[in-house]
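Chemist: Sharing a structure with you now.
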Amino acid sequence: MSVRTRFAPSPTGYLHVGGARTALFNWLFARNLGGTFILRVEDTDEARNTDEAKQAIFDGMAWLGLDWDEGPGKGGDYGPYFQSERKSIYDTWFQKLVDAGRVYEDGGAWRFRFERKPVTMNDLVCGEVTIDYRDESNTPDMVVKRSDGSYVFHFVNVVDDLEMKITHVIRGEDHLMNTPKHLQLIEAFGGTAPQYAHIPLILNPDGSKMSKRDAGAAVGDYPRQGFLPGAVVNFIALLGWSSKTDEEIFTMDQLVARFSLENVNRAPARFDFEKCKWVNQQHLIPMTVEDFVAAAKPFVEATGLPVPENFGAVAAAVKDKVRLLEEVPAAVDFLLCDAFTYDPETVEKVRGNASAKELLASLAAAFNAIPEWSADAAKSTLGDVAKSAGAKPGQLMFPLRVALSGRAHGPDLGDILNLLGKERCTARVMKFVVILQPCSGGL
RNA sequence: GACCCGUUCGUCUAUCGGUUAGGACUCCAGGUUUUCAUCCUGGCAAGAAGGGUUCGACUCCCUUACGGGUCGCCA
């Protein structure tokens, strides 16, 4: 029997990382076993559903690379895949409950009568869990059909899982206590229950529940910050799942090959944004220069910085130095225009070097005299200037970096020299000599 | 409050009775790089607490504490 999993979001807000990870685990599980992954939109709450939210789910799934085999836009043998279009199916199943005498009217709504007995589930992650339904105070009979004739989540969710022949339900731990309700319904229908796997929730760094407003919660924010989809998938997979090895950077294909529910743990995980960024960098590094440049370009354009002919070379110079694509503009701005700022602390550091100003002054003159500019020529000139002053070349390289870029960190000095060219380098060194004047006050 | 799940470095985690409790992020130090970063090496840092069971417990059991979840005509 082939595996069938589903992701069943309700379009009432933006797709958040918790939901994305639920979708991911269902997707990985199905792909790992050659099964079928289904997307079903649970849009029964008309008051809260929005088209934007629906689109956010589709967009988010597409961005993450989680394609579905059956569902909206795809079709399938068990449609429709929007619950709002399945009313007649639900009516049929509801009638079974009526015929079996398992529902009774209460204030216009219909309640499902639970069997008063202990219900045990065998969760693939949580193990054997028993809830005692003899305790009615804790488990009142649930409404399955509202007084307005619409059906509630528990009912439609169970009916659809049965109708769609779902074999494995992988969902957030917040549904663990709902499972006995679902099991009771399935039993009343005479159906076969799918296997359940309840995965731990994702928490904020401070341990509180992550909700839509929290940093990092909305999947839609990730592209804008310059995360790669593969990196986000990789990181959220690590929240609650482990390969049981020392490796933690994986491509989609590797995750598919390694995923199993046995390696999902039960404790909730906190979201560590720092590590998420690091994972992103690990995915940025193996990119080709062409891909990186193409990915970085929109971020630079968005800031209004000029994007010259040699932008590819500029972006390539910072390829392995940024964690997010969003960092690229600030990392290359001094290569794209002359109006960049000098970091006061770094300038102060250079000022502390007594001979720096003099050496840079000589260097500016020497640069200007270079007949054929190249990074090598410039470096060799730098070596000569340093040597004639009795200094080591290394002592001049940091001041030169600051003169050219205004900061302590950045691309390789050779790249900077090449990218900037003779005129700009000379001019910037001269300007920086002036900035170094103790009384100039001009930063 | 009742019920359920959980608890290893600050964070993500490995360990399925016997380990100097391992790895990763972060941070710090040193090395490489004539510069920055990468990289390499090293360092800081953990079994919530108390009882059992056992020759031996992070691992099994109980209690307590703490955290999370659920108790809707929301999903």
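Residue numbering restarts at 1 in every chain; chains get A, B, ... in the order shown in the structure tokens, and ligands count up from 1 in that same order.
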With 6 Å as the limit and counting only C-alpha atoms (C1' of nucleotides), what residues in chain A lie close to chain B? Please list them as a list in words.
Modeler: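 Putting it all together, I get Arg146, Asp174, Met177, Asp246, Ala267, Lys275, Pro393, Gly394, Met397, Phe398, His409, Gly410 and Leu413 of chain A.
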Chemist: Let's have the selection written as a PDB file, in the first residue's frame, with C-alpha atoms.
Modeler:
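Saved as again.pdb:
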```pdb
ATOM      1  CA  ARG A 146     -22.956  24.058  13.445  1.00  0.00           C
ATOM      2  CA  ASP A 174      -1.122  20.926  19.193  1.00  0.00           C
ATOM      3  CA  MET A 177      -5.310  15.836  22.160  1.00  0.00           C
ATOM      4  CA  ASP A 246      27.437  15.107  12.567  1.00  0.00           C
ATOM      5  CA  ALA A 267      10.661  18.171  22.606  1.00  0.00           C
ATOM      6  CA  LYS A 275      22.052  29.563  13.084  1.00  0.00           C
ATOM      7  CA  PRO A 393      53.859  45.774   3.519  1.00  0.00           C
ATOM      8  CA  GLY A 394      51.363  44.240   5.893  1.00  0.00           C
ATOM      9  CA  MET A 397      47.488  47.017   3.812  1.00  0.00           C
ATOM     10  CA  PHE A 398      45.020  47.614   6.581  1.00  0.00           C
ATOM     11  CA  HIS A 409      36.138  44.150   6.753  1.00  0.00           C
ATOM     12  CA  GLY A 410      35.382  43.528   3.125  1.00  0.00           C
ATOM     13  CA  LEU A 413      42.213  43.876  -1.147  1.00  0.00           C
TER      14      LEU A 413
END
```
Chemist: From a DSSP calculation on the backbone, collect every residue of region 12-246 of chain A in helix (DSSP H, G or I) and output the set as a compact mmCIF listing (two decimals) with N, CA and C atoms, in the first residue's frame.
Modeler:
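Resulting contents of result_21.txt:
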```txt
# COMPACT_ATOMS: atom_id res chain seq x y z
N VAL A 17 6.43 29.43 9.76
CA VAL A 17 7.44 28.37 9.74
C VAL A 17 6.94 27.06 10.32
N GLY A 18 6.08 27.15 11.32
CA GLY A 18 5.53 25.92 11.89
C GLY A 18 4.76 25.13 10.85
N GLY A 19 3.89 25.84 10.12
CA GLY A 19 3.12 25.20 9.08
C GLY A 19 4.03 24.71 7.95
N ALA A 20 5.01 25.51 7.64
CA ALA A 20 5.94 25.14 6.57
C ALA A 20 6.67 23.86 6.94
N ARG A 21 7.04 23.74 8.21
CA ARG A 21 7.76 22.53 8.61
C ARG A 21 6.82 21.32 8.60
N THR A 22 5.59 21.52 8.99
CA THR A 22 4.62 20.42 8.90
C THR A 22 4.49 19.97 7.45
N ALA A 23 4.37 20.95 6.56
CA ALA A 23 4.28 20.62 5.14
C ALA A 23 5.54 19.88 4.70
N LEU A 24 6.67 20.40 5.13
CA LEU A 24 7.96 19.80 4.75
C LEU A 24 8.06 18.34 5.19
N PHE A 25 7.70 18.07 6.44
CA PHE A 25 7.83 16.71 6.95
C PHE A 25 6.91 15.75 6.19
N ASN A 26 5.70 16.23 5.90
CA ASN A 26 4.78 15.40 5.11
C ASN A 26 5.35 15.14 3.72
N TRP A 27 5.90 16.19 3.16
CA TRP A 27 6.48 16.11 1.81
C TRP A 27 7.68 15.17 1.80
N LEU A 28 8.58 15.36 2.77
CA LEU A 28 9.78 14.53 2.85
C LEU A 28 9.43 13.06 3.06
N PHE A 29 8.45 12.85 3.93
CA PHE A 29 8.04 11.47 4.23
C PHE A 29 7.51 10.79 2.97
N ALA A 30 6.65 11.51 2.25
CA ALA A 30 6.07 10.95 1.03
C ALA A 30 7.14 10.73 -0.04
N ARG A 31 8.01 11.71 -0.20
CA ARG A 31 9.04 11.59 -1.23
C ARG A 31 10.03 10.48 -0.88
N ASN A 32 10.33 10.37 0.38
CA ASN A 32 11.27 9.33 0.81
C ASN A 32 10.76 7.93 0.50
N ASP A 51 -8.29 35.53 0.30
CA ASP A 51 -7.60 35.10 -0.91
C ASP A 51 -6.10 35.33 -0.80
N GLU A 52 -5.75 36.40 -0.08
CA GLU A 52 -4.32 36.69 0.09
C GLU A 52 -3.64 35.56 0.84
N ALA A 53 -4.32 35.08 1.88
CA ALA A 53 -3.74 34.01 2.68
C ALA A 53 -3.61 32.74 1.85
N LYS A 54 -4.60 32.50 1.04
CA LYS A 54 -4.56 31.32 0.17
C LYS A 54 -3.35 31.41 -0.76
N GLN A 55 -3.18 32.60 -1.32
CA GLN A 55 -2.07 32.82 -2.25
C GLN A 55 -0.73 32.70 -1.51
N ALA A 56 -0.70 33.17 -0.26
CA ALA A 56 0.53 33.11 0.52
C ALA A 56 0.95 31.65 0.74
N ILE A 57 -0.04 30.79 0.91
CA ILE A 57 0.27 29.37 1.09
C ILE A 57 0.86 28.79 -0.20
N PHE A 58 0.19 29.08 -1.31
CA PHE A 58 0.69 28.57 -2.60
C PHE A 58 2.10 29.11 -2.88
N ASP A 59 2.26 30.41 -2.66
CA ASP A 59 3.55 31.04 -2.94
C ASP A 59 4.64 30.47 -2.03
N GLY A 60 4.29 30.34 -0.76
CA GLY A 60 5.26 29.83 0.19
C GLY A 60 5.69 28.41 -0.13
N MET A 61 4.72 27.58 -0.46
CA MET A 61 5.03 26.19 -0.81
C MET A 61 5.90 26.14 -2.07
N ALA A 62 5.53 26.97 -3.04
CA ALA A 62 6.29 26.99 -4.29
C ALA A 62 7.71 27.45 -4.04
N TRP A 63 7.85 28.48 -3.21
CA TRP A 63 9.19 29.00 -2.94
C TRP A 63 10.05 27.96 -2.24
N LEU A 64 9.44 27.25 -1.30
CA LEU A 64 10.19 26.24 -0.56
C LEU A 64 10.49 25.00 -1.42
N GLN A 83 -12.11 22.52 0.86
CA GLN A 83 -13.22 22.00 1.66
C GLN A 83 -14.51 22.77 1.41
N SER A 84 -14.36 24.02 1.02
CA SER A 84 -15.57 24.82 0.76
C SER A 84 -16.38 24.24 -0.39
N GLU A 85 -15.77 23.36 -1.18
CA GLU A 85 -16.48 22.78 -2.32
C GLU A 85 -16.93 21.33 -2.07
N LYS A 87 -19.20 20.27 0.37
CA LYS A 87 -20.37 20.22 1.25
C LYS A 87 -21.20 18.94 1.09
N SER A 88 -21.48 18.54 -0.14
CA SER A 88 -22.35 17.38 -0.35
C SER A 88 -21.70 16.11 0.17
N ILE A 89 -20.37 16.05 0.07
CA ILE A 89 -19.66 14.88 0.59
C ILE A 89 -19.85 14.81 2.11
N TYR A 90 -19.73 15.97 2.73
CA TYR A 90 -19.87 16.00 4.19
C TYR A 90 -21.29 15.64 4.61
N ASP A 91 -22.26 16.09 3.83
CA ASP A 91 -23.65 15.77 4.15
C ASP A 91 -23.85 14.26 4.16
N THR A 92 -23.26 13.60 3.17
CA THR A 92 -23.38 12.14 3.08
C THR A 92 -22.80 11.46 4.31
N TRP A 93 -21.62 11.91 4.69
CA TRP A 93 -20.97 11.29 5.85
C TRP A 93 -21.70 11.64 7.15
N PHE A 94 -22.25 12.82 7.18
CA PHE A 94 -22.98 13.21 8.39
C PHE A 94 -24.20 12.31 8.57
N GLN A 95 -24.83 11.98 7.45
CA GLN A 95 -26.02 11.12 7.50
C GLN A 95 -25.69 9.76 8.13
N LYS A 96 -24.46 9.28 7.88
CA LYS A 96 -24.04 8.01 8.47
C LYS A 96 -24.07 8.10 10.00
N LEU A 97 -23.67 9.25 10.49
CA LEU A 97 -23.66 9.46 11.94
C LEU A 97 -25.09 9.51 12.47
N VAL A 98 -25.95 10.16 11.70
CA VAL A 98 -27.36 10.25 12.09
C VAL A 98 -27.96 8.85 12.12
N ASP A 99 -27.70 8.09 11.06
CA ASP A 99 -28.25 6.74 10.96
C ASP A 99 -27.74 5.84 12.08
N PHE A 153 -14.10 21.69 11.99
CA PHE A 153 -12.80 21.13 11.62
C PHE A 153 -12.67 19.63 11.85
N HIS A 154 -12.97 19.18 13.06
CA HIS A 154 -12.74 17.78 13.39
C HIS A 154 -13.46 16.85 12.41
N PHE A 155 -14.67 17.23 12.09
CA PHE A 155 -15.48 16.41 11.20
C PHE A 155 -14.94 16.39 9.77
N VAL A 156 -14.73 17.56 9.20
CA VAL A 156 -14.29 17.61 7.80
C VAL A 156 -12.87 17.06 7.64
N ASN A 157 -12.08 17.30 8.65
CA ASN A 157 -10.70 16.83 8.60
C ASN A 157 -10.66 15.30 8.54
N VAL A 158 -11.46 14.68 9.38
CA VAL A 158 -11.50 13.22 9.43
C VAL A 158 -12.13 12.64 8.16
N VAL A 159 -13.24 13.24 7.74
CA VAL A 159 -13.90 12.77 6.52
C VAL A 159 -12.95 12.84 5.32
N ASP A 160 -12.26 13.95 5.21
CA ASP A 160 -11.37 14.11 4.06
C ASP A 160 -10.19 13.16 4.10
N ASP A 161 -9.65 12.95 5.29
CA ASP A 161 -8.54 12.01 5.40
C ASP A 161 -8.98 10.61 4.99
N LEU A 162 -10.22 10.28 5.35
CA LEU A 162 -10.76 8.97 4.97
C LEU A 162 -11.02 8.93 3.46
N GLU A 163 -11.71 9.96 2.97
CA GLU A 163 -12.04 10.04 1.54
C GLU A 163 -10.80 10.04 0.67
N GLU A 173 2.06 19.11 17.27
CA GLU A 173 1.69 18.50 18.54
C GLU A 173 0.44 19.12 19.15
N ASP A 174 0.08 20.29 18.66
CA ASP A 174 -1.12 20.93 19.19
C ASP A 174 -2.37 20.11 18.83
N HIS A 175 -2.20 19.13 17.96
CA HIS A 175 -3.33 18.28 17.60
C HIS A 175 -3.35 16.96 18.34
N LEU A 176 -2.39 16.74 19.19
CA LEU A 176 -2.31 15.45 19.87
C LEU A 176 -3.58 15.11 20.63
N MET A 177 -4.11 16.08 21.36
CA MET A 177 -5.31 15.84 22.16
C MET A 177 -6.57 15.75 21.31
N ASN A 178 -6.46 16.15 20.03
CA ASN A 178 -7.60 16.03 19.13
C ASN A 178 -7.71 14.63 18.54
N THR A 179 -6.60 13.95 18.56
CA THR A 179 -6.54 12.66 17.88
C THR A 179 -7.55 11.63 18.39
N PRO A 180 -7.75 11.50 19.71
CA PRO A 180 -8.78 10.57 20.17
C PRO A 180 -10.17 10.92 19.64
N LYS A 181 -10.44 12.20 19.49
CA LYS A 181 -11.72 12.62 18.93
C LYS A 181 -11.83 12.10 17.50
N HIS A 182 -10.75 12.24 16.78
CA HIS A 182 -10.74 11.81 15.39
C HIS A 182 -10.85 10.29 15.29
N LEU A 183 -10.17 9.63 16.22
CA LEU A 183 -10.23 8.17 16.25
C LEU A 183 -11.66 7.68 16.53
N GLN A 184 -12.32 8.39 17.42
CA GLN A 184 -13.70 7.99 17.74
C GLN A 184 -14.61 8.19 16.54
N LEU A 185 -14.42 9.28 15.83
CA LEU A 185 -15.22 9.53 14.62
C LEU A 185 -14.99 8.44 13.59
N ILE A 186 -13.71 8.12 13.38
CA ILE A 186 -13.34 7.11 12.39
C ILE A 186 -13.97 5.77 12.75
N GLU A 187 -13.95 5.49 14.04
CA GLU A 187 -14.54 4.24 14.50
C GLU A 187 -16.05 4.23 14.22
N ALA A 188 -16.68 5.35 14.48
CA ALA A 188 -18.13 5.45 14.23
C ALA A 188 -18.43 5.28 12.74
N PHE A 189 -17.52 5.75 11.91
CA PHE A 189 -17.70 5.61 10.46
C PHE A 189 -17.36 4.19 9.99
N ASP A 221 8.61 36.35 4.52
CA ASP A 221 9.67 37.32 4.82
C ASP A 221 11.05 36.82 4.40
N TYR A 222 11.17 35.53 4.25
CA TYR A 222 12.50 34.97 3.98
C TYR A 222 13.09 35.35 2.62
N PRO A 223 12.30 35.30 1.56
CA PRO A 223 12.88 35.70 0.27
C PRO A 223 13.38 37.14 0.32
N ARG A 224 12.63 37.99 0.96
CA ARG A 224 13.00 39.40 1.01
C ARG A 224 14.31 39.63 1.75
N GLN A 225 14.59 38.78 2.72
CA GLN A 225 15.83 38.96 3.48
C GLN A 225 17.02 38.31 2.79
N PRO A 229 15.76 29.25 -0.51
CA PRO A 229 14.74 28.28 -0.07
C PRO A 229 15.36 27.00 0.49
N GLY A 230 16.40 26.53 -0.17
CA GLY A 230 17.03 25.30 0.30
C GLY A 230 17.60 25.44 1.70
N ALA A 231 18.03 26.65 2.03
CA ALA A 231 18.61 26.88 3.34
C ALA A 231 17.53 26.90 4.41
N VAL A 232 16.41 27.52 4.08
CA VAL A 232 15.31 27.57 5.04
C VAL A 232 14.76 26.17 5.28
N VAL A 233 14.62 25.43 4.22
CA VAL A 233 14.16 24.05 4.34
C VAL A 233 15.13 23.25 5.21
N ASN A 234 16.40 23.41 4.92
CA ASN A 234 17.44 22.73 5.69
C ASN A 234 17.34 23.08 7.17
N PHE A 235 17.19 24.37 7.46
CA PHE A 235 17.17 24.79 8.85
C PHE A 235 15.92 24.31 9.60
N ILE A 236 14.77 24.46 8.98
CA ILE A 236 13.57 24.04 9.71
C ILE A 236 13.49 22.52 9.85
N ALA A 237 14.15 21.82 8.93
CA ALA A 237 14.20 20.36 9.06
C ALA A 237 14.98 19.99 10.32
N LEU A 238 15.98 20.81 10.63
CA LEU A 238 16.83 20.56 11.80
C LEU A 238 16.10 20.84 13.11
```
Chemist: For Val143 (chain A), list every protein, DNA or RNA residue within 8 Å, evaluated using only C-alpha atoms (C1' of nucleotides), and leave out those in the same chain fewer than 6 positions away; present the list as an NGL selection string.
Modeler: (:A and (109-112 or 152)) or (:B and (73))
Chemist: Could you list, as a VMD selection string, every residue within 12 Å of C62 (chain B), counting only C-alpha atoms (C1' of nucleotides) and ignoring same-chain residues fewer than 3 positions away?
Modeler: chain B and resid 50 to 53
Chemist: Would you pick out the contacts of Ser362 (chain A) at 12 Å or less, using only C-alpha atoms (C1' of nucleotides), so that residues sharing its chain but fewer than 2 positions from it are not included, and give the list as an mmCIF file with C-alpha atoms, in the first residue's frame?
Modeler:
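Below is the file that was written, around.cif:
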```
data_model
loop_
_atom_site.group_PDB
_atom_site.id
_atom_site.type_symbol
_atom_site.label_atom_id
_atom_site.label_comp_id
_atom_site.auth_asym_id
_atom_site.auth_seq_id
_atom_site.Cartn_x
_atom_site.Cartn_y
_atom_site.Cartn_z
ATOM 1 C CA SER A 355 53.165 56.367 10.339
ATOM 2 C CA ALA A 356 50.012 55.499 8.441
ATOM 3 C CA LYS A 357 49.201 59.000 7.250
ATOM 4 C CA GLU A 358 52.632 59.600 5.827
ATOM 5 C CA LEU A 359 52.804 56.225 4.197
ATOM 6 C CA LEU A 360 49.392 56.676 2.613
ATOM 7 C CA ALA A 364 48.808 58.061 -3.285
ATOM 8 C CA ALA A 365 51.621 59.659 -5.244
ATOM 9 C CA ALA A 366 53.052 56.263 -6.131
ATOM 10 C CA PHE A 367 49.671 54.979 -7.240
ATOM 11 C CA ASN A 368 49.254 57.959 -9.464
ATOM 12 C CA ALA A 369 52.563 57.175 -11.111
ATOM 13 C CA THR A 381 53.979 49.603 -5.430
ATOM 14 C CA LEU A 382 52.602 49.323 -1.917
ATOM 15 C CA GLY A 383 55.480 47.014 -1.054
ATOM 16 C CA ASP A 384 58.003 49.500 -2.388
ATOM 17 C CA VAL A 385 56.505 52.394 -0.468
ATOM 18 C CA ALA A 386 56.473 50.404 2.723
ATOM 19 C CA LYS A 387 59.998 49.180 2.260
ATOM 20 C CA SER A 388 61.438 52.616 1.554
ATOM 21 C CA ALA A 389 59.904 53.795 4.799
ATOM 22 C CA LEU A 396 50.126 49.386 5.037
ATOM 23 C CA LEU A 400 44.823 51.104 2.554
ATOM 24 C CA THR A 426 44.421 57.331 -5.850
ATOM 25 C CA VAL A 429 43.825 57.461 -0.595
ATOM 26 C CA MET A 430 44.398 61.197 -0.956
ATOM 27 C CA VAL A 433 45.020 61.294 4.201
#
```
Chemist: Neighbouring residues of C44 (chain B) were defined as those with any atom within 12 Å, considering only C-alpha atoms (C1' of nucleotides); residues of the same chain fewer than 6 positions away were excluded. Please report them as a ChimeraX atom specification.
Modeler: /B:9-10,26-29
Chemist: From a backbone DSSP assignment, name each residue in region 152-296 of chain A labelled strand (DSSP E), as a JSON list (two decimals) with C-alpha atoms, in the first residue's frame.
Modeler:
```json
[["chain", "number", "residue", "atom", "x", "y", "z"],
["A", 168, "HIS", "CA", -0.08, 9.07, 7.48],
["A", 169, "VAL", "CA", -1.11, 12.23, 9.24],
["A", 170, "ILE", "CA", 1.92, 14.27, 10.26],
["A", 171, "ARG", "CA", 0.87, 17.39, 12.12],
["A", 172, "GLY", "CA", 1.80, 19.69, 14.97],
["A", 195, "GLN", "CA", -1.11, 6.51, 11.30],
["A", 196, "TYR", "CA", -0.46, 9.64, 13.26],
["A", 197, "ALA", "CA", 2.80, 11.45, 13.91],
["A", 198, "HIS", "CA", 2.69, 14.54, 16.07],
["A", 199, "ILE", "CA", 5.74, 16.70, 15.69],
["A", 202, "ILE", "CA", 8.56, 25.58, 17.12],
["A", 203, "LEU", "CA", 9.11, 28.14, 19.86],
["A", 269, "ALA", "CA", 12.60, 23.46, 19.56],
["A", 270, "ARG", "CA", 13.45, 27.14, 19.77]]
```
Chemist: Please report the interatomic distance between CA of Leu325 (chain A) and CA of Leu228 (chain A) in Å with one decimal.
Modeler: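 According to the coordinates, CA of Leu325 (chain A) and CA of Leu228 (chain A) are separated by 8.6 Å.
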Chemist: Quick one: pull the distance between CA of Met252 (chain A) and CA of Lys212 (chain A), Å, one decimal.
Modeler: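 Between these atoms lies a distance of 25.7 Å.
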Chemist: Quick one: everything within 8 Å of region 418-421 of chain A, counting only C-alpha atoms (C1' of nucleotides), minus sequence neighbours fewer than 6 positions away in the same chain. Send it as a list of chain:residue names.
Modeler: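 Contacts, with the query itself left out: A:Ala313, A:Val314, A:Leu335, A:Trp373, A:Ser374, A:Ala375.
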Chemist: In Å, how far is it from CA of Asp206 (chain A) to CA of Glu262 (chain A)?
Modeler: 27.4 Å
